[in-house]
Each structure stands twice: as C-alpha cells, then as structure tokens.
Amino acid sequence: MIGPDSAGQRLDRALAAAVPDLSRSRLQALIATGCVREGERTVEDASVKVKPGQRFEIRVPPAVPATPEPQAIGLDIVYEDSHLIVIDKPAGLVVHPAAGNPDGTLVNALLAHCGAELSGIGGVARPGIVHRLDKDTSGLMVVAKTDAAHKALSAQFADRTLSRTYLALVWGRPSPSAGTIEGAIGRDPRNRQRMALVKAGGKAARTHYRVLRPAGTEASLVACKLDTGRTHQIRVHLTSIGHPLIGDPVYGRRPRSAIGPKAGGNETARSFPRQALHAARLRFRHPADQNELEFTRPLPGDMRDLLVSLAGEDRIPEY
C-alpha cells in the first residue's frame, strides 16, 4: 500500500521504496510487461503518479532462459562470493551480445560459470552487468549475482562512491600534468558511430587525469579516475585535450606534437592494435556487509610491452 511519504511520486520510485529487494530498473521492466496491477487494472506506465492508500500487486514471473547461451569461456576471476564476481576482462572480449557479436561474450561466459545462481531481472535469467568496458579495453569489472547486489552497486555508481582508476598510454604530454576534463558526451552529429563532446543532448561527464610519467619523447602514461561512466568517456575526453589514446581506432590519430625525433615514430606504438586503456583499480562497498573492497590488476602484457618500447622500462609510479 502507498503511504503518505510516497504521495505524488512516480510508481516505479514508490514501489522501489516499498519493496527494497527489487531494483527500480527491474520494477520498470515488470511494469512494462504487465506484472503490476491495481485491483483488476493492469498498470503499464512506470511514470504515473501515485496517491496515498493505493494498493498495487506485483507478480514476479519465474526466470526464463536468457537469449544468450552459456558458453565455456575462461574467466580471470579476481574475487567471487554469493553476491558478486570481480573479473579481469581481457582486451577483445565483448561484454554482452549485440549486433555483430551474437555470442562469445562475457555474458555467455557468466551464464556458463554461474548457472542457476543468476537472479531473474525482468523475468530473464542473466548476469547483473552493472557497468561495461569497451571490447578492446582490458581490466576490472564487477558483476552482480543478485538483484539486491545489482541495486546496491548501481547506487554506488550513481552517488560516485564506487571508484574506478584506469591506466592509459596517450600520445604527447598533457599540460597541465593533472586536471579535470568536463564536457557533455553524446553521439557525434557528423558521425553517429562516434561519441563526441556536444553542446546539447549529451550527458554530463567528468574525468580526472594525472600524468604518471613520460613514455619516451612521444607519449605519456596517464591515470584517469571517473566521476561518471559515459560511453567512450576517457577516449573522448583525452582526445578533446589533444592527447588521444595510442592505438585507438576511432579517436586515436597521433597529433603532430607527438612525433618523436625519428621520422616514423615508434613502430610498436604506431601499430598497437587496440586503445591502450586498462581498468587497473576498482573500489566499492560490498553490498551485503558494507565492507570496503579494493582490487588492482597490473598492466596486461601488450600494454606493458608498449610501455617498455616507448620508455625503455615498465616502471609505473604509485597512482
């Protein structure tokens, strides 16, 4: 029943407060599929405003098999319990099926690994993908096993208490050596396959960066912390200040200022096959006991080899 404190709120928000075990996103899916009723009337609009005394019935359907099929794909599991999994995703692994990548994804691997442990979200058995990494970005991801964990972790993303630090190898030497890049990100109006800083219609984004060390004369090793999690955020923001990621096929053309003393520049850097970006540190509160967890992963072999090629060594200062 809707209490006086929820009067005037959206239905999905009021139900999320009344039934904390169901995330707001799951409730929206249940409403959209006709699983919420007021008496004999089915309610299918999550935005409808509620009144005190209204009674709603929520029917949670049993989980059904997800469209993706389980596939025995090896996972580098950093941590796992009954609530969540932290993995080190390799470059080249797509997070979830989509056009052009119907299988062979992280979701397929998680379905095989977790099996019946996965919760039903909107009536579909699937892993709780809380955040994503681009296909060719490597590093740490947290995946929720339960709806409660998914809701709690999503809330930490929203209130910025979940911390993510990335290591990137970029062309040139950012100046100043530390700063904050702010700018709304949306689809590039000139190329819908790219993201870009936009004046209207985008989503606010903020990236904090710090140069950790020069990488020879052509490049720098940079640490980036995100306040927001927009598509291609680091790639777009660093490009916007003139220092795109080495190897980035979409945003990464080397600026003139990055060309070293050799006419051709560093061959390893010029031919690096992916954006040189790695999610190196992840910190969050465990959704069950609220204890803080922190995980780190070193640069993968290809980025370490690139750093050695550019700088002559693989030393990484504290970040």
# chains A, B, ... in the order shown; residues from 1 in each chain; ligands from 1
>>> residues_around(residues="Val198 of chain A", least_positions_apart="3", cutoff="9 Å", atoms="only C-alpha atoms", output="list in words")
Gly183, Ala184, Ile185, Gly186, Arg187, Asp188, Pro189, Met195, Gly201, Gly202 and Lys203 of chain A
>>> residues_around(residues="segment 213-215 of chain A", least_positions_apart="6", cutoff="10 Å", atoms="only C-alpha atoms", output="ChimeraX atom specification")
/A:169-174,177,221-223,306-317
>>> write_last_selection(atoms="C-alpha atoms", output="short mmCIF file (atom, residue, chain, number, x, y, z; two decimals), in the first residue's frame")
data_model
loop_
_atom_site.label_atom_id
_atom_site.label_comp_id
_atom_site.auth_asym_id
_atom_site.auth_seq_id
_atom_site.Cartn_x
_atom_site.Cartn_y
_atom_site.Cartn_z
CA LEU A 169 49.09 5.40 -22.73
CA VAL A 170 48.42 8.57 -24.69
CA TRP A 171 50.15 10.47 -27.45
CA GLY A 172 52.08 13.53 -26.31
CA ARG A 173 52.47 15.14 -22.88
CA PRO A 174 49.28 16.59 -21.35
CA SER A 177 50.14 17.38 -15.89
CA LEU A 221 51.41 7.13 -19.04
CA VAL A 222 48.29 8.68 -17.52
CA ALA A 223 45.99 7.66 -14.65
CA LEU A 306 54.24 -1.00 -25.31
CA LEU A 307 55.42 0.95 -22.27
CA VAL A 308 58.83 -0.72 -22.47
CA SER A 309 59.04 0.03 -26.18
CA LEU A 310 58.30 3.71 -25.56
CA ALA A 311 60.10 4.33 -22.26
CA GLY A 312 62.77 1.60 -22.13
CA GLU A 313 61.33 0.21 -18.87
CA ASP A 314 57.99 -0.79 -17.35
CA ARG A 315 58.17 1.23 -14.12
CA ILE A 316 54.77 2.58 -13.05
CA PRO A 317 54.71 5.22 -10.28
#
>>> atom_distance(atom1="atom CA of Arg164 of chain A", atom2="atom CA of Arg24 of chain A")
23.8 Å
>>> closest_residue(among="A:Arg253, A:Arg10, A:His243, A:Arg160", to="Lys225 of chain A", atoms="only C-alpha atoms")
A:Arg160
>>> closest_atom_pairs(of="segment 35-112 of chain A", to="segment 276-299 of chain A", cutoff="12 Å", atoms="only C-alpha atoms", output="tab-separated table")
residue	atom	partner	partner_atom	distance
A:Asp76	CA	A:Arg297	CA	10.9
A:Ile77	CA	A:Arg297	CA	11.4
A:Val78	CA	A:Phe295	CA	7.9
A:Tyr79	CA	A:Phe295	CA	8.7
A:Glu80	CA	A:His286	CA	11.4
A:Asp81	CA	A:His286	CA	10.4
A:Ser82	CA	A:Ala288	CA	9.9
A:His83	CA	A:Ala288	CA	7.6
A:Leu84	CA	A:His286	CA	8.8
A:Ile85	CA	A:His286	CA	11.0
A:Val86	CA	A:Phe295	CA	8.5
A:Ile87	CA	A:Phe295	CA	9.9
A:Asp88	CA	A:Arg297	CA	7.4
A:Lys89	CA	A:Ala279	CA	9.0
A:Pro90	CA	A:His278	CA	9.3
A:Ala91	CA	A:His278	CA	8.7
>>> write_last_selection(atoms="N, CA, C and O atoms", output="PDB file, in the first residue's frame")
ATOM      1  N   ASP A  76      39.044 -14.768 -15.932  1.00  0.00           N
ATOM      2  CA  ASP A  76      40.064 -14.453 -14.932  1.00  0.00           C
ATOM      3  C   ASP A  76      39.334 -13.857 -13.734  1.00  0.00           C
ATOM      4  O   ASP A  76      39.069 -12.653 -13.688  1.00  0.00           O
ATOM      5  N   ILE A  77      38.974 -14.713 -12.770  1.00  0.00           N
ATOM      6  CA  ILE A  77      38.167 -14.289 -11.630  1.00  0.00           C
ATOM      7  C   ILE A  77      39.093 -13.800 -10.520  1.00  0.00           C
ATOM      8  O   ILE A  77      39.933 -14.535 -10.010  1.00  0.00           O
ATOM      9  N   VAL A  78      38.936 -12.543 -10.163  1.00  0.00           N
ATOM     10  CA  VAL A  78      39.752 -11.919  -9.124  1.00  0.00           C
ATOM     11  C   VAL A  78      39.149 -12.161  -7.748  1.00  0.00           C
ATOM     12  O   VAL A  78      39.856 -12.351  -6.758  1.00  0.00           O
ATOM     13  N   TYR A  79      37.808 -12.153  -7.686  1.00  0.00           N
ATOM     14  CA  TYR A  79      37.093 -12.346  -6.416  1.00  0.00           C
ATOM     15  C   TYR A  79      35.687 -12.834  -6.742  1.00  0.00           C
ATOM     16  O   TYR A  79      35.098 -12.431  -7.744  1.00  0.00           O
ATOM     17  N   GLU A  80      35.155 -13.709  -5.875  1.00  0.00           N
ATOM     18  CA  GLU A  80      33.792 -14.183  -6.075  1.00  0.00           C
ATOM     19  C   GLU A  80      33.184 -14.614  -4.755  1.00  0.00           C
ATOM     20  O   GLU A  80      33.856 -15.226  -3.916  1.00  0.00           O
ATOM     21  N   ASP A  81      31.916 -14.276  -4.552  1.00  0.00           N
ATOM     22  CA  ASP A  81      31.138 -14.812  -3.445  1.00  0.00           C
ATOM     23  C   ASP A  81      29.706 -14.987  -3.934  1.00  0.00           C
ATOM     24  O   ASP A  81      29.443 -14.925  -5.143  1.00  0.00           O
ATOM     25  N   SER A  82      28.774 -15.204  -3.035  1.00  0.00           N
ATOM     26  CA  SER A  82      27.395 -15.470  -3.444  1.00  0.00           C
ATOM     27  C   SER A  82      26.676 -14.221  -3.942  1.00  0.00           C
ATOM     28  O   SER A  82      25.574 -14.323  -4.492  1.00  0.00           O
ATOM     29  N   HIS A  83      27.275 -13.044  -3.789  1.00  0.00           N
ATOM     30  CA  HIS A  83      26.632 -11.794  -4.169  1.00  0.00           C
ATOM     31  C   HIS A  83      27.165 -11.206  -5.476  1.00  0.00           C
ATOM     32  O   HIS A  83      26.430 -10.551  -6.206  1.00  0.00           O
ATOM     33  N   LEU A  84      28.456 -11.421  -5.742  1.00  0.00           N
ATOM     34  CA  LEU A  84      29.066 -10.731  -6.882  1.00  0.00           C
ATOM     35  C   LEU A  84      30.322 -11.449  -7.349  1.00  0.00           C
ATOM     36  O   LEU A  84      30.841 -12.345  -6.676  1.00  0.00           O
ATOM     37  N   ILE A  85      30.781 -11.032  -8.510  1.00  0.00           N
ATOM     38  CA  ILE A  85      32.043 -11.520  -9.080  1.00  0.00           C
ATOM     39  C   ILE A  85      32.831 -10.314  -9.568  1.00  0.00           C
ATOM     40  O   ILE A  85      32.260  -9.396 -10.172  1.00  0.00           O
ATOM     41  N   VAL A  86      34.132 -10.310  -9.318  1.00  0.00           N
ATOM     42  CA  VAL A  86      35.034  -9.319  -9.907  1.00  0.00           C
ATOM     43  C   VAL A  86      35.938 -10.068 -10.875  1.00  0.00           C
ATOM     44  O   VAL A  86      36.564 -11.066 -10.503  1.00  0.00           O
ATOM     45  N   ILE A  87      35.977  -9.613 -12.107  1.00  0.00           N
ATOM     46  CA  ILE A  87      36.809 -10.267 -13.118  1.00  0.00           C
ATOM     47  C   ILE A  87      37.784  -9.273 -13.729  1.00  0.00           C
ATOM     48  O   ILE A  87      37.577  -8.062 -13.662  1.00  0.00           O
ATOM     49  N   ASP A  88      38.846  -9.812 -14.291  1.00  0.00           N
ATOM     50  CA  ASP A  88      39.791  -9.027 -15.086  1.00  0.00           C
ATOM     51  C   ASP A  88      39.495  -9.362 -16.544  1.00  0.00           C
ATOM     52  O   ASP A  88      39.861 -10.427 -17.031  1.00  0.00           O
ATOM     53  N   LYS A  89      38.785  -8.474 -17.215  1.00  0.00           N
ATOM     54  CA  LYS A  89      38.371  -8.738 -18.596  1.00  0.00           C
ATOM     55  C   LYS A  89      39.543  -8.530 -19.556  1.00  0.00           C
ATOM     56  O   LYS A  89      40.191  -7.483 -19.519  1.00  0.00           O
ATOM     57  N   PRO A  90      39.804  -9.494 -20.414  1.00  0.00           N
ATOM     58  CA  PRO A  90      40.874  -9.287 -21.391  1.00  0.00           C
ATOM     59  C   PRO A  90      40.410  -8.397 -22.532  1.00  0.00           C
ATOM     60  O   PRO A  90      39.212  -8.316 -22.837  1.00  0.00           O
ATOM     61  N   ALA A  91      41.333  -7.725 -23.161  1.00  0.00           N
ATOM     62  CA  ALA A  91      41.014  -6.973 -24.375  1.00  0.00           C
ATOM     63  C   ALA A  91      40.512  -7.947 -25.429  1.00  0.00           C
ATOM     64  O   ALA A  91      40.991  -9.079 -25.531  1.00  0.00           O
TER      65      ALA A  91
END
>>> select_by_dssp(residues="segment 67-313 of chain A", states="strand (DSSP E or B)", output="MDAnalysis selection string")
chainID A and resid 77:80 84:89 98 101 120:121 124:125 128:129 138:144 163:171 178:182 185:188 191:197 203 206:215 219:226 245 277:285 292:296
>>> residues_around(residues="segment 100-114 of chain A", least_positions_apart="6", cutoff="8 Å", atoms="only C-alpha atoms", output="ChimeraX atom specification")
/A:68-75,93-94,126-127
>>> select_by_dssp(residues="segment 42-204 of chain A", states="alpha helix (DSSP H)", output="ChimeraX atom specification")
/A:106-114,147-159
>>> residues_around(residues="Lys49 of chain A", least_positions_apart="5", cutoff="7 Å", atoms="only C-alpha atoms", output="list in words")
Gly8, Gln9, Arg10 and Leu11 of chain A
>>> write_last_selection(atoms="N, CA, C and O atoms", output="PDB file, in the first residue's frame")
ATOM      1  N   GLY A   8       2.489  11.405  -4.675  1.00  0.00           N
ATOM      2  CA  GLY A   8       2.973  12.244  -5.761  1.00  0.00           C
ATOM      3  C   GLY A   8       4.204  11.724  -6.467  1.00  0.00           C
ATOM      4  O   GLY A   8       4.634  12.295  -7.461  1.00  0.00           O
ATOM      5  N   GLN A   9       4.792  10.627  -5.991  1.00  0.00           N
ATOM      6  CA  GLN A   9       5.986  10.072  -6.635  1.00  0.00           C
ATOM      7  C   GLN A   9       5.585   9.224  -7.846  1.00  0.00           C
ATOM      8  O   GLN A   9       4.444   8.785  -7.987  1.00  0.00           O
ATOM      9  N   ARG A  10       6.550   8.976  -8.705  1.00  0.00           N
ATOM     10  CA  ARG A  10       6.362   8.019  -9.797  1.00  0.00           C
ATOM     11  C   ARG A  10       6.095   6.636  -9.216  1.00  0.00           C
ATOM     12  O   ARG A  10       6.603   6.288  -8.152  1.00  0.00           O
ATOM     13  N   LEU A  11       5.344   5.832  -9.943  1.00  0.00           N
ATOM     14  CA  LEU A  11       5.017   4.492  -9.476  1.00  0.00           C
ATOM     15  C   LEU A  11       6.269   3.655  -9.245  1.00  0.00           C
ATOM     16  O   LEU A  11       6.398   2.986  -8.214  1.00  0.00           O
TER      17      LEU A  11
END
>>> atom_distance(atom1="atom CA of Thr268 of chain A", atom2="atom CA of Arg235 of chain A")
19.8 Å
>>> closest_residue(among="A:Arg274, A:His96, A:Lys135, A:Lys151", to="Val19 of chain A", atoms="only C-alpha atoms")
A:Lys151
